[in-house]
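J.: Got coords.cif for you, mmCIF, C-alpha atoms:
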data_target
#
loop_
_atom_site.label_atom_id
_atom_site.label_comp_id
_atom_site.auth_asym_id
_atom_site.auth_seq_id
_atom_site.Cartn_x
_atom_site.Cartn_y
_atom_site.Cartn_z
CA MET M 291 19.28 29.40 9.47
CA SER M 292 23.06 29.57 9.05
CA ASP M 293 24.67 29.15 5.63
CA ALA M 294 26.30 25.90 6.68
CA HIS M 295 22.97 24.57 7.86
CA ALA M 296 21.25 25.64 4.64
CA HIS M 297 24.00 23.97 2.63
CA ALA M 298 23.68 20.71 4.57
CA HIS M 299 19.94 20.77 3.93
CA GLU M 300 20.47 21.21 0.21
CA ILE M 301 22.78 18.20 0.02
CA ASP M 302 20.08 16.14 1.68
CA VAL M 303 17.55 17.17 -1.00
CA ASP M 304 20.07 16.38 -3.76
CA HIS M 305 20.43 12.90 -2.28
CA HIS M 306 16.64 12.52 -2.36
CA VAL M 307 16.46 13.69 -5.98
CA ARG M 308 19.03 11.10 -7.08
CA ILE M 309 16.91 8.39 -5.44
CA TYR M 310 13.77 9.74 -7.16
CA MET M 311 15.44 9.41 -10.56
CA ARG M 312 16.48 5.81 -9.85
CA VAL M 313 12.94 4.97 -8.70
CA PHE M 314 11.58 6.61 -11.87
CA ALA M 315 13.81 4.40 -14.03
CA ALA M 316 12.83 1.29 -12.05
CA LEU M 317 9.12 2.08 -12.40
CA ALA M 318 9.44 2.60 -16.16
CA VAL M 319 11.32 -0.68 -16.62
CA LEU M 320 8.82 -2.58 -14.43
CA THR M 321 5.92 -1.12 -16.46
CA VAL M 322 7.48 -2.52 -19.65
CA ILE M 323 7.98 -5.89 -17.91
CA THR M 324 4.33 -5.84 -16.74
CA VAL M 325 3.15 -5.57 -20.35
CA ALA M 326 5.76 -8.03 -21.68
CA VAL M 327 4.72 -10.85 -19.31
CA ALA M 328 1.10 -10.42 -20.40
CA TYR M 329 2.17 -11.72 -23.83
CA LEU M 330 3.87 -14.82 -22.43
CA HIS M 331 0.53 -16.73 -22.38
CA LEU M 332 1.05 -18.02 -18.86
CA THR M 333 -1.67 -19.95 -17.08
CA THR M 334 -4.26 -17.68 -15.46
CA ALA M 335 -3.00 -18.38 -11.92
CA ALA M 336 0.62 -17.67 -12.88
CA ALA M 337 -0.36 -14.53 -14.81
CA VAL M 338 -2.36 -13.16 -11.84
CA ALA M 339 0.42 -13.97 -9.36
CA LEU M 340 3.14 -12.40 -11.53
CA ALA M 341 1.10 -9.28 -12.38
CA LEU M 342 0.29 -8.66 -8.70
CA PHE M 343 3.90 -9.36 -7.69
CA ILE M 344 5.26 -6.73 -10.11
CA ALA M 345 2.51 -4.25 -9.20
CA THR M 346 3.33 -4.73 -5.51
CA ILE M 347 7.00 -3.95 -6.14
CA LYS M 348 6.06 -0.83 -8.11
CA GLY M 349 3.53 0.26 -5.49
CA SER M 350 6.08 -0.27 -2.71
CA LEU M 351 8.63 1.88 -4.56
CA VAL M 352 6.08 4.71 -4.89
CA ALA M 353 5.01 4.40 -1.23
CA CYS M 354 8.51 4.05 0.22
CA TYR M 355 10.32 6.75 -1.78
CA PHE M 356 7.82 9.21 -3.32
CA MET M 357 5.57 9.08 -0.24
CA HIS M 358 8.60 8.92 2.09
CA LEU M 359 7.20 5.91 3.96
CA ILE M 360 10.73 4.55 4.31
CA SER M 361 11.51 7.25 6.89
CA GLU M 362 8.21 8.10 8.55
CA LYS M 363 7.20 8.52 12.17
CA LYS M 364 5.87 5.55 14.13
CA LEU M 365 2.26 6.74 14.22
CA ILE M 366 2.05 6.71 10.40
CA TYR M 367 3.24 3.08 10.40
CA VAL M 368 0.57 2.22 12.96
CA VAL M 369 -2.07 3.77 10.69
CA MET M 370 -0.69 1.87 7.69
CA VAL M 371 -0.55 -1.52 9.46
CA VAL M 372 -4.17 -1.18 10.60
CA THR M 373 -5.18 -0.09 7.08
CA VAL M 374 -3.40 -3.00 5.38
CA LEU M 375 -5.00 -5.45 7.82
CA PHE M 376 -8.50 -4.15 7.16
CA PHE M 377 -7.77 -3.93 3.43
CA PHE M 378 -7.02 -7.66 3.12
CA PHE M 379 -9.98 -8.45 5.34
CA GLU M 380 -12.16 -6.35 3.03
CA LEU M 381 -10.70 -7.95 -0.12
CA LEU M 382 -11.22 -11.54 0.92
CA ILE M 383 -14.41 -11.52 2.98
CA PRO M 384 -16.89 -11.45 0.04
CA THR M 385 -15.16 -14.30 -1.77
CA ILE M 386 -14.72 -16.40 1.38
CA SER M 387 -18.34 -15.92 2.42
CA GLU M 388 -19.48 -16.74 -1.12
CA SER M 389 -17.50 -19.98 -1.19
CA ILE M 390 -18.96 -20.93 2.21
CA ASN M 391 -22.43 -20.28 0.76
CA ILE M 392 -21.69 -22.47 -2.25
CA HIS M 393 -20.55 -25.35 -0.03
CA ALA M 394 -23.59 -24.93 2.22
CA ARG M 395 -26.00 -25.33 -0.69
CA MET L 182 -3.82 35.24 11.96
CA SER L 183 -7.36 34.54 13.08
CA ALA L 184 -8.12 33.67 16.71
CA ALA L 185 -9.23 30.17 15.76
CA ALA L 186 -6.04 29.17 13.93
CA ILE L 187 -5.65 25.42 13.63
CA PRO L 188 -2.74 24.34 15.83
CA TYR L 189 0.23 22.25 14.69
CA THR L 190 -0.11 22.90 10.96
CA VAL L 191 3.66 23.32 10.68
CA GLU L 192 5.35 22.43 13.97
CA PRO L 193 5.06 18.81 15.14
CA ARG L 194 2.73 17.93 17.97
CA PRO L 195 4.79 16.87 20.99
CA ASP L 196 2.85 13.62 21.51
CA THR L 197 2.69 12.36 17.90
CA GLY L 198 5.94 13.86 16.63
CA LEU L 199 4.02 14.89 13.50
CA ASN L 200 2.10 17.95 12.37
CA ASN L 201 -1.65 17.46 12.18
CA VAL L 202 -1.69 17.82 8.39
CA LYS L 203 0.48 14.73 7.96
CA ILE L 204 -1.73 12.65 10.26
CA GLY L 205 -4.82 14.01 8.51
CA ILE L 206 -3.74 13.09 4.97
CA TRP L 207 -2.66 9.58 6.00
CA LEU L 208 -5.97 8.93 7.74
CA PHE L 209 -7.73 10.18 4.61
CA LEU L 210 -5.59 7.91 2.43
CA ALA L 211 -6.48 5.01 4.76
CA SER L 212 -10.16 5.68 4.02
CA GLU L 213 -9.32 5.83 0.31
CA VAL L 214 -7.65 2.42 0.53
CA MET L 215 -10.91 1.06 1.95
CA LEU L 216 -12.95 2.77 -0.80
CA PHE L 217 -10.90 1.27 -3.64
CA GLY L 218 -10.55 -1.96 -1.64
CA ALA L 219 -14.31 -2.45 -1.68
CA LEU L 220 -14.34 -2.21 -5.48
CA PHE L 221 -11.31 -4.51 -5.83
CA ALA L 222 -13.19 -6.98 -3.59
CA GLY L 223 -16.12 -6.68 -6.01
CA TYR L 224 -13.75 -7.36 -8.90
CA ILE L 225 -12.36 -10.51 -7.21
CA LEU L 226 -15.85 -11.79 -6.38
CA LEU L 227 -17.05 -11.26 -9.97
CA ARG L 228 -13.90 -12.78 -11.42
CA VAL L 229 -14.13 -15.89 -9.24
CA GLY L 230 -17.90 -16.22 -9.43
CA ASP L 231 -18.75 -15.46 -13.07
CA PRO L 232 -17.55 -18.01 -15.66
CA GLY L 233 -17.89 -15.43 -18.44
CA PHE L 234 -16.07 -12.71 -16.55
CA GLY L 235 -13.32 -10.86 -18.39
CA HIS L 236 -14.78 -11.24 -21.86
CA GLY L 237 -14.43 -7.77 -23.25
CA SER L 238 -11.09 -7.05 -21.57
CA GLU L 239 -9.49 -7.82 -24.94
CA GLU L 240 -11.43 -4.80 -26.30
CA LEU L 241 -9.44 -2.46 -24.05
CA SER L 242 -6.49 -0.60 -25.54
CA ILE L 243 -3.29 -1.81 -23.90
CA PRO L 244 -1.10 0.78 -25.73
CA MET L 245 -3.26 3.67 -24.44
CA ALA L 246 -3.20 2.31 -20.88
CA PHE L 247 0.54 1.66 -21.15
CA VAL L 248 1.18 5.27 -22.18
CA ASN L 249 -1.14 6.47 -19.41
CA THR L 250 0.81 4.42 -16.87
CA LEU L 251 4.04 6.11 -17.96
CA VAL L 252 2.28 9.52 -17.89
CA LEU L 253 1.15 9.02 -14.29
CA ILE L 254 4.53 7.69 -13.15
CA THR L 255 6.22 10.71 -14.74
CA SER L 256 3.74 13.03 -13.06
CA SER L 257 4.62 11.45 -9.71
CA VAL L 258 8.27 12.29 -10.38
CA THR L 259 7.48 15.91 -11.34
CA MET L 260 5.30 16.14 -8.21
CA VAL L 261 8.10 15.02 -5.94
CA MET L 262 10.47 17.38 -7.82
CA ALA L 263 8.02 20.24 -7.14
CA TRP L 264 8.33 19.44 -3.43
CA ALA L 265 12.14 19.18 -3.70
CA SER L 266 12.14 22.62 -5.41
CA CYS L 267 10.22 24.00 -2.42
CA MET L 268 12.84 22.52 -0.09
CA ARG L 269 15.54 24.22 -2.21
CA ARG L 270 13.57 27.49 -2.07
CA ASP L 271 13.52 27.69 -5.86
CA LEU L 272 10.13 29.17 -6.77
CA GLY L 273 10.83 29.09 -10.53
CA LYS L 274 11.56 25.36 -10.52
CA PHE L 275 8.56 24.73 -8.28
CA LYS L 276 6.30 26.49 -10.80
CA LEU L 277 7.82 24.47 -13.63
CA TYR L 278 7.45 21.07 -11.97
CA MET L 279 4.00 21.76 -10.51
CA GLY L 280 2.83 23.01 -13.92
CA LEU L 281 4.17 19.82 -15.51
CA THR L 282 2.38 17.71 -12.89
CA VAL L 283 -0.95 19.39 -13.66
CA ALA L 284 -0.32 19.11 -17.42
CA LEU L 285 0.51 15.39 -17.16
CA GLY L 286 -2.67 14.87 -15.15
CA GLY L 287 -4.51 16.61 -17.98
CA CYS L 288 -2.73 14.37 -20.51
CA PHE L 289 -3.93 11.29 -18.58
CA MET L 290 -7.50 12.59 -18.64
CA VAL L 291 -7.39 13.31 -22.40
CA ILE L 292 -6.16 9.78 -23.16
CA LYS L 293 -8.82 8.39 -20.83
CA TYR L 294 -11.42 10.48 -22.68
CA PHE L 295 -10.38 8.97 -26.01
CA GLU L 296 -10.46 5.49 -24.50
CA TYR L 297 -13.98 5.99 -23.14
CA THR L 298 -15.38 7.54 -26.33
CA ALA L 299 -13.84 4.74 -28.44
CA LYS L 300 -15.70 2.23 -26.26
CA PHE L 301 -18.97 4.17 -26.57
CA HIS L 302 -18.60 4.35 -30.36
CA HIS L 303 -18.28 0.55 -30.42
CA GLY L 304 -21.47 0.27 -28.36
CA ILE L 305 -19.62 -0.76 -25.20
CA PHE L 306 -21.15 0.66 -22.02
CA PRO L 307 -21.08 -0.16 -18.30
CA SER L 308 -24.25 -2.17 -18.88
CA THR L 309 -22.57 -4.35 -21.54
CA SER L 310 -21.11 -6.90 -19.09
CA THR L 311 -20.05 -7.36 -15.47
CA PHE L 312 -16.47 -6.78 -16.60
CA MET L 313 -17.32 -3.48 -18.29
CA ALA L 314 -19.38 -2.45 -15.26
CA ILE L 315 -16.43 -2.89 -12.90
CA TYR L 316 -14.03 -1.45 -15.51
CA PHE L 317 -15.98 1.81 -15.87
CA THR L 318 -16.61 2.03 -12.11
CA LEU L 319 -12.97 1.56 -11.12
CA THR L 320 -11.44 3.71 -13.85
CA GLY L 321 -14.17 6.35 -13.48
CA LEU L 322 -13.57 6.65 -9.74
CA HIS L 323 -9.83 6.77 -10.39
CA ALA L 324 -10.23 9.47 -13.06
CA ALA L 325 -12.30 11.51 -10.57
CA HIS L 326 -9.31 11.31 -8.22
CA VAL L 327 -6.94 12.47 -10.95
CA LEU L 328 -9.26 15.43 -11.59
CA ALA L 329 -9.41 16.25 -7.86
CA GLY L 330 -5.61 16.10 -7.61
CA MET L 331 -5.30 18.39 -10.65
CA ILE L 332 -7.60 20.97 -9.02
CA VAL L 333 -5.65 20.97 -5.74
CA ASN L 334 -2.26 21.00 -7.50
CA GLY L 335 -3.51 23.67 -9.90
CA TYR L 336 -4.45 25.82 -6.92
CA PHE L 337 -0.98 25.49 -5.37
CA TRP L 338 0.62 26.08 -8.76
CA LEU L 339 -1.10 29.44 -9.38
CA PRO L 340 -3.16 31.35 -6.77
CA GLY L 341 -2.08 29.27 -3.76
CA ALA L 342 1.61 29.94 -4.45
CA LYS L 343 1.16 33.39 -2.89
CA MET L 344 1.76 31.66 0.44
CA TRP L 345 5.39 31.14 -0.64
CA GLU L 346 6.08 34.76 0.43
CA THR L 347 4.08 34.76 3.67
CA ASN L 348 4.68 31.26 5.06
CA TRP L 349 7.13 29.20 3.01
CA GLN L 350 7.26 26.34 5.53
CA GLN L 351 3.49 25.83 5.56
CA PHE L 352 3.36 26.10 1.77
CA THR L 353 6.02 23.38 1.46
CA ASN L 354 3.98 21.18 3.80
CA ARG L 355 0.91 21.75 1.66
CA VAL L 356 2.77 20.71 -1.47
CA GLU L 357 4.05 17.59 0.31
CA THR L 358 0.49 16.77 1.41
CA SER L 359 -1.09 17.18 -2.01
CA GLY L 360 1.86 15.13 -3.31
CA LEU L 361 0.96 12.27 -0.95
CA PHE L 362 -2.53 12.25 -2.45
CA TRP L 363 -1.15 12.41 -6.00
CA HIS L 364 1.26 9.49 -5.41
CA PHE L 365 -1.61 7.48 -3.95
CA VAL L 366 -3.63 8.04 -7.13
CA ASP L 367 -0.59 6.85 -9.13
CA LEU L 368 -0.30 3.81 -6.85
CA VAL L 369 -3.94 2.84 -7.44
CA TRP L 370 -3.41 3.01 -11.21
CA ILE L 371 -0.32 0.76 -10.91
CA PHE L 372 -2.71 -1.97 -9.71
CA LEU L 373 -5.63 -1.07 -12.00
CA PHE L 374 -3.55 -1.34 -15.17
CA PRO L 375 -2.60 -5.05 -14.99
CA VAL L 376 -5.82 -6.09 -13.24
CA LEU L 377 -8.16 -4.56 -15.84
CA TYR L 378 -6.12 -4.58 -19.05
CA LEU L 379 -3.63 -7.42 -18.90
CA LEU L 380 -4.99 -10.40 -16.98
CA PRO L 381 -6.25 -13.27 -19.14
CA VAL L 382 -9.94 -14.17 -19.25
CA PRO L 383 -10.40 -16.71 -16.40
CA TYR L 384 -12.26 -19.36 -18.34
CA ALA L 385 -11.37 -18.75 -21.94
CA HIS L 386 -12.12 -22.41 -22.82
CA PRO L 387 -15.35 -23.34 -21.01
#
Would you write the structure of this file as C-alpha cells?

T.:
Amino acid sequence: MSDAHAHAHEIDVDHHVRIYMRVFAALAVLTVITVAVAYLHLTTAAAVALALFIATIKGSLVACYFMHLISEKKLIYVVMVVTVLFFFFELLIPTISESINIHAR
Amino acid sequence: MSAAAIPYTVEPRPDTGLNNVKIGIWLFLASEVMLFGALFAGYILLRVGDPGFGHGSEELSIPMAFVNTLVLITSSVTMVMAWASCMRRDLGKFKLYMGLTVALGGCFMVIKYFEYTAKFHHGIFPSTSTFMAIYFTLTGLHAAHVLAGMIVNGYFWLPGAKMWETNWQQFTNRVETSGLFWHFVDLVWIFLFPVLYLLPVPYAHP
C-alpha cells in the first residue's frame, strides 16, 4: 500500500470516528429523554408509542452507524428486510390469534 | 495454512460481494432477532391479556437500569473505536479500547447482579408474577449475551490479538464481526430498558 493510499484510508477512519462521537452524544441525550418522558404521566397508549418511537431512533442509530448498515452490500439488506418482516409477523401473531379466539368465544 | 482452510474469510466472494464472515454474522443476528422477538411477542401477549400485568415493574430500579443503559452505549462506542484502531494499525489503542469494552461489559454485569440480588432479598422471584417471569427471562437471556460477548471480546483482546502480527486483515475482520454482535446486544437493551422499566402499568385503575 502506498503512503498516499494509507493516508487516504486514515482520513476515512477519522471521518467515521467523528460520526461515532456524534452518535454517542445523540444516544446519551435520547436515553435521558426516554427516562424524562416516563415521568410525564402520559396515557398508557401515548407512553408506549413515545417509548417505542425513541427506542427505534436509538436502535436505528446503532444499526446504521455502529453496525455500518448505512453503507452495506445489497445482500445484507435482503437479509435484514426478510428478518424485519418475519420479526413483525412473529410479534403480532400471538396477540392477533388470541383476539380472534376471544371474539370466537 | 491447513488444506481445509475456509474460503473467503477475508477477500469478498465474487457473487455476494462480501466475505463469508460478514454474511455469517448477519444470518446469526437474524436468528437472534427471532429469538428475542419470540419473547417480546410473549411480553405483548401477557401485557394485552393480563389485567394485572405490570404490577411489580415499579419495584425495578430505574436509576440502575439508566446507568446500565449508558454503560452499554459507551461500550458500543469503545467497541467501534477498537475496530477503528485496527483500521489505523494502532495496536496500543486497540488494546485500550477493547479492554475498556470488556470492562464496561463487566460493569453492566455487576450492576445487573446487584439488581437481581436486591430483588431476591425482597422475596421477588420469576415465580412472583407474569411480569417478573418475563422480566427475568428477557434480562437473563440478555445478560447471557453480554457474557458471551465479553468472552469473545476478551479472547480478541488478549490471546487472540496474536493474529495482529500474522494476519492483520483477518484480525480486523474478526474485531468488526464481534463488534456487530456487541452492538446487537446493545440494541436489544435499548428496547428492553423502556419496555420493562418505564412503561406504565396497563390497568392501574381497574

J.: Could you give me, as a list in words, the residues within 12 Å of stretch 327-330 of chain M, counting all atoms listed in the file and dropping anything in the same chain fewer than 3 positions from it?

T.: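 So the residues in contact are Leu320, Thr321, Val322, Ile323, Thr324, Thr333, Thr334, Ala336, Ala337, Val338, Ala339, Leu340, Ala341, Leu342, Phe343 and Ile344 of chain M; Glu239, Ile243, Phe374, Pro375, Val376, Leu377, Tyr378, Leu379, Leu380, Pro381 and Val382 of chain L.
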
J.: Atom CA of L:Trp207 and atom CA of M:Ile366 are how many Å apart?

T.: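 These two atoms are separated by 7.1 Å.
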
J.: Give the answer as one residue: which of L:Ala186, L:Glu240, L:Asn334, L:Met268 has the shortest atom-to-atom distance to chain M, using only C-alpha atoms?

T.: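 Looking at the shortest contact to chain M, the residue is L:Met268.
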
J.: Given the file shown, enumerate the residues that the PyMOL selection byres ((chain L and resi 294-310) around 9) captures and present them as a PyMOL selection string.

T.: chain L and resi 234-237+240-242+245-246+289-293+311-318

J.: Report the closest atom pair, with its distance in Å rounded to one decimal, for each residue of chain M that has an atom no farther than 9 Å from chain L; count all atoms listed in the file, sort by chain and then rising residue number, and write it as a tab-separated table.

T.:
residue	atom	partner	partner_atom	distance
M:His299	CA	L:Arg269	CA	8.3
M:Glu300	CA	L:Arg269	CA	6.3
M:Val303	CA	L:Ala265	CA	6.4
M:Asp304	CA	L:Ala265	CA	8.4
M:His306	CA	L:Ala265	CA	8.1
M:Val307	CA	L:Met262	CA	7.3
M:Tyr310	CA	L:Val258	CA	6.9
M:Met311	CA	L:Val258	CA	7.7
M:Val313	CA	L:Val258	CA	8.8
M:Phe314	CA	L:Val258	CA	6.7
M:Leu317	CA	L:Ile254	CA	7.3
M:Ala318	CA	L:Leu251	CA	6.7
M:Thr321	CA	L:Thr250	CA	7.5
M:Val322	CA	L:Phe247	CA	8.2
M:Thr324	CA	L:Pro375	CA	7.2
M:Val325	CA	L:Leu379	CA	7.2
M:Ala328	CA	L:Leu379	CA	5.8
M:Tyr329	CA	L:Leu379	CA	8.7
M:His331	CA	L:Pro381	CA	8.3
M:Leu332	CA	L:Pro381	CA	8.7
M:Thr333	CA	L:Pro381	CA	8.4
M:Thr334	CA	L:Pro381	CA	6.1
M:Ala335	CA	L:Pro383	CA	8.8
M:Ala337	CA	L:Leu380	CA	6.6
M:Val338	CA	L:Leu380	CA	6.4
M:Ala341	CA	L:Pro375	CA	6.2
M:Leu342	CA	L:Phe372	CA	7.4
M:Ala345	CA	L:Phe372	CA	5.7
M:Thr346	CA	L:Phe372	CA	7.9
M:Lys348	CA	L:Ile371	CA	7.1
M:Gly349	CA	L:Leu368	CA	5.4
M:Ser350	CA	L:Leu368	CA	8.6
M:Val352	CA	L:Leu368	CA	6.7
M:Ala353	CA	L:His364	CA	7.6
M:Phe356	CA	L:Val261	CA	6.4
M:Met357	CA	L:Leu361	CA	5.7
M:His358	CA	L:Leu361	CA	8.9
M:Lys363	CA	L:Gly198	CA	7.1
M:Lys364	CA	L:Thr197	CA	8.4
M:Leu365	CA	L:Thr197	CA	6.7
M:Ile366	CA	L:Ile204	CA	7.0
M:Val369	CA	L:Leu208	CA	7.1
M:Met370	CA	L:Ala211	CA	7.2
M:Val372	CA	L:Ala211	CA	8.8
M:Thr373	CA	L:Ala211	CA	5.8
M:Val374	CA	L:Val214	CA	8.4
M:Phe376	CA	L:Met215	CA	7.8
M:Phe377	CA	L:Met215	CA	6.1
M:Phe378	CA	L:Gly218	CA	8.2
M:Glu380	CA	L:Ala219	CA	6.5
M:Leu381	CA	L:Ala222	CA	4.4
M:Leu382	CA	L:Ala222	CA	6.7
M:Ile383	CA	L:Ala222	CA	8.1
M:Pro384	CA	L:Leu226	CA	6.5
M:Thr385	CA	L:Leu226	CA	5.3
M:Glu388	CA	L:Leu226	CA	8.1

J.: Could you please take those selected residues and save C-alpha atoms as an mmCIF file, keeping the file's coordinate frame?

T.:
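The result, written out as selection02.cif:
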data_model
loop_
_atom_site.group_PDB
_atom_site.id
_atom_site.type_symbol
_atom_site.label_atom_id
_atom_site.label_comp_id
_atom_site.auth_asym_id
_atom_site.auth_seq_id
_atom_site.Cartn_x
_atom_site.Cartn_y
_atom_site.Cartn_z
ATOM 1 C CA HIS M 299 19.940 20.770 3.930
ATOM 2 C CA GLU M 300 20.470 21.210 0.210
ATOM 3 C CA VAL M 303 17.550 17.170 -1.000
ATOM 4 C CA ASP M 304 20.070 16.380 -3.760
ATOM 5 C CA HIS M 306 16.640 12.520 -2.360
ATOM 6 C CA VAL M 307 16.460 13.690 -5.980
ATOM 7 C CA TYR M 310 13.770 9.740 -7.160
ATOM 8 C CA MET M 311 15.440 9.410 -10.560
ATOM 9 C CA VAL M 313 12.940 4.970 -8.700
ATOM 10 C CA PHE M 314 11.580 6.610 -11.870
ATOM 11 C CA LEU M 317 9.120 2.080 -12.400
ATOM 12 C CA ALA M 318 9.440 2.600 -16.160
ATOM 13 C CA THR M 321 5.920 -1.120 -16.460
ATOM 14 C CA VAL M 322 7.480 -2.520 -19.650
ATOM 15 C CA THR M 324 4.330 -5.840 -16.740
ATOM 16 C CA VAL M 325 3.150 -5.570 -20.350
ATOM 17 C CA ALA M 328 1.100 -10.420 -20.400
ATOM 18 C CA TYR M 329 2.170 -11.720 -23.830
ATOM 19 C CA HIS M 331 0.530 -16.730 -22.380
ATOM 20 C CA LEU M 332 1.050 -18.020 -18.860
ATOM 21 C CA THR M 333 -1.670 -19.950 -17.080
ATOM 22 C CA THR M 334 -4.260 -17.680 -15.460
ATOM 23 C CA ALA M 335 -3.000 -18.380 -11.920
ATOM 24 C CA ALA M 337 -0.360 -14.530 -14.810
ATOM 25 C CA VAL M 338 -2.360 -13.160 -11.840
ATOM 26 C CA ALA M 341 1.100 -9.280 -12.380
ATOM 27 C CA LEU M 342 0.290 -8.660 -8.700
ATOM 28 C CA ALA M 345 2.510 -4.250 -9.200
ATOM 29 C CA THR M 346 3.330 -4.730 -5.510
ATOM 30 C CA LYS M 348 6.060 -0.830 -8.110
ATOM 31 C CA GLY M 349 3.530 0.260 -5.490
ATOM 32 C CA SER M 350 6.080 -0.270 -2.710
ATOM 33 C CA VAL M 352 6.080 4.710 -4.890
ATOM 34 C CA ALA M 353 5.010 4.400 -1.230
ATOM 35 C CA PHE M 356 7.820 9.210 -3.320
ATOM 36 C CA MET M 357 5.570 9.080 -0.240
ATOM 37 C CA HIS M 358 8.600 8.920 2.090
ATOM 38 C CA LYS M 363 7.200 8.520 12.170
ATOM 39 C CA LYS M 364 5.870 5.550 14.130
ATOM 40 C CA LEU M 365 2.260 6.740 14.220
ATOM 41 C CA ILE M 366 2.050 6.710 10.400
ATOM 42 C CA VAL M 369 -2.070 3.770 10.690
ATOM 43 C CA MET M 370 -0.690 1.870 7.690
ATOM 44 C CA VAL M 372 -4.170 -1.180 10.600
ATOM 45 C CA THR M 373 -5.180 -0.090 7.080
ATOM 46 C CA VAL M 374 -3.400 -3.000 5.380
ATOM 47 C CA PHE M 376 -8.500 -4.150 7.160
ATOM 48 C CA PHE M 377 -7.770 -3.930 3.430
ATOM 49 C CA PHE M 378 -7.020 -7.660 3.120
ATOM 50 C CA GLU M 380 -12.160 -6.350 3.030
ATOM 51 C CA LEU M 381 -10.700 -7.950 -0.120
ATOM 52 C CA LEU M 382 -11.220 -11.540 0.920
ATOM 53 C CA ILE M 383 -14.410 -11.520 2.980
ATOM 54 C CA PRO M 384 -16.890 -11.450 0.040
ATOM 55 C CA THR M 385 -15.160 -14.300 -1.770
ATOM 56 C CA GLU M 388 -19.480 -16.740 -1.120
#

J.: Please compute the atom CA of L:Gln351-atom CA of L:Val191 distance, one decimal, in Å.

T.: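 We find that atom CA of L:Gln351 and atom CA of L:Val191 lie 5.7 Å from each other.
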
J.: Work out how far atom CA of L:Ala342 is from atom CA of L:Gly330, in Å to one decimal.

T.: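 Separating atom CA of L:Gly330 from atom CA of L:Ala342 is a distance of 15.9 Å.
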
J.: On this file, the PyMOL selection byres ((chain L and resi 332) around 12) gives some set of residues; write that set as a list in words.

T.: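 So the PyMOL selection byres ((chain L and resi 332) around 12), applied here, picks out Met279, Gly280, Thr282, Val283, Ala284, Gly286, Gly287, Ala325, His326, Val327, Leu328, Ala329, Gly330, Met331, Val333, Asn334, Gly335, Tyr336, Phe337, Trp338, Leu339, Pro340, Gly341, Ser359 and Trp363 of chain L.
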
J.: Write out the residues from the selection above, keeping C-alpha atoms, as an mmCIF file, in the coordinates of the input.

T.:
data_model
loop_
_atom_site.group_PDB
_atom_site.id
_atom_site.type_symbol
_atom_site.label_atom_id
_atom_site.label_comp_id
_atom_site.auth_asym_id
_atom_site.auth_seq_id
_atom_site.Cartn_x
_atom_site.Cartn_y
_atom_site.Cartn_z
ATOM 1 C CA MET L 279 4.000 21.760 -10.510
ATOM 2 C CA GLY L 280 2.830 23.010 -13.920
ATOM 3 C CA THR L 282 2.380 17.710 -12.890
ATOM 4 C CA VAL L 283 -0.950 19.390 -13.660
ATOM 5 C CA ALA L 284 -0.320 19.110 -17.420
ATOM 6 C CA GLY L 286 -2.670 14.870 -15.150
ATOM 7 C CA GLY L 287 -4.510 16.610 -17.980
ATOM 8 C CA ALA L 325 -12.300 11.510 -10.570
ATOM 9 C CA HIS L 326 -9.310 11.310 -8.220
ATOM 10 C CA VAL L 327 -6.940 12.470 -10.950
ATOM 11 C CA LEU L 328 -9.260 15.430 -11.590
ATOM 12 C CA ALA L 329 -9.410 16.250 -7.860
ATOM 13 C CA GLY L 330 -5.610 16.100 -7.610
ATOM 14 C CA MET L 331 -5.300 18.390 -10.650
ATOM 15 C CA VAL L 333 -5.650 20.970 -5.740
ATOM 16 C CA ASN L 334 -2.260 21.000 -7.500
ATOM 17 C CA GLY L 335 -3.510 23.670 -9.900
ATOM 18 C CA TYR L 336 -4.450 25.820 -6.920
ATOM 19 C CA PHE L 337 -0.980 25.490 -5.370
ATOM 20 C CA TRP L 338 0.620 26.080 -8.760
ATOM 21 C CA LEU L 339 -1.100 29.440 -9.380
ATOM 22 C CA PRO L 340 -3.160 31.350 -6.770
ATOM 23 C CA GLY L 341 -2.080 29.270 -3.760
ATOM 24 C CA SER L 359 -1.090 17.180 -2.010
ATOM 25 C CA TRP L 363 -1.150 12.410 -6.000
#
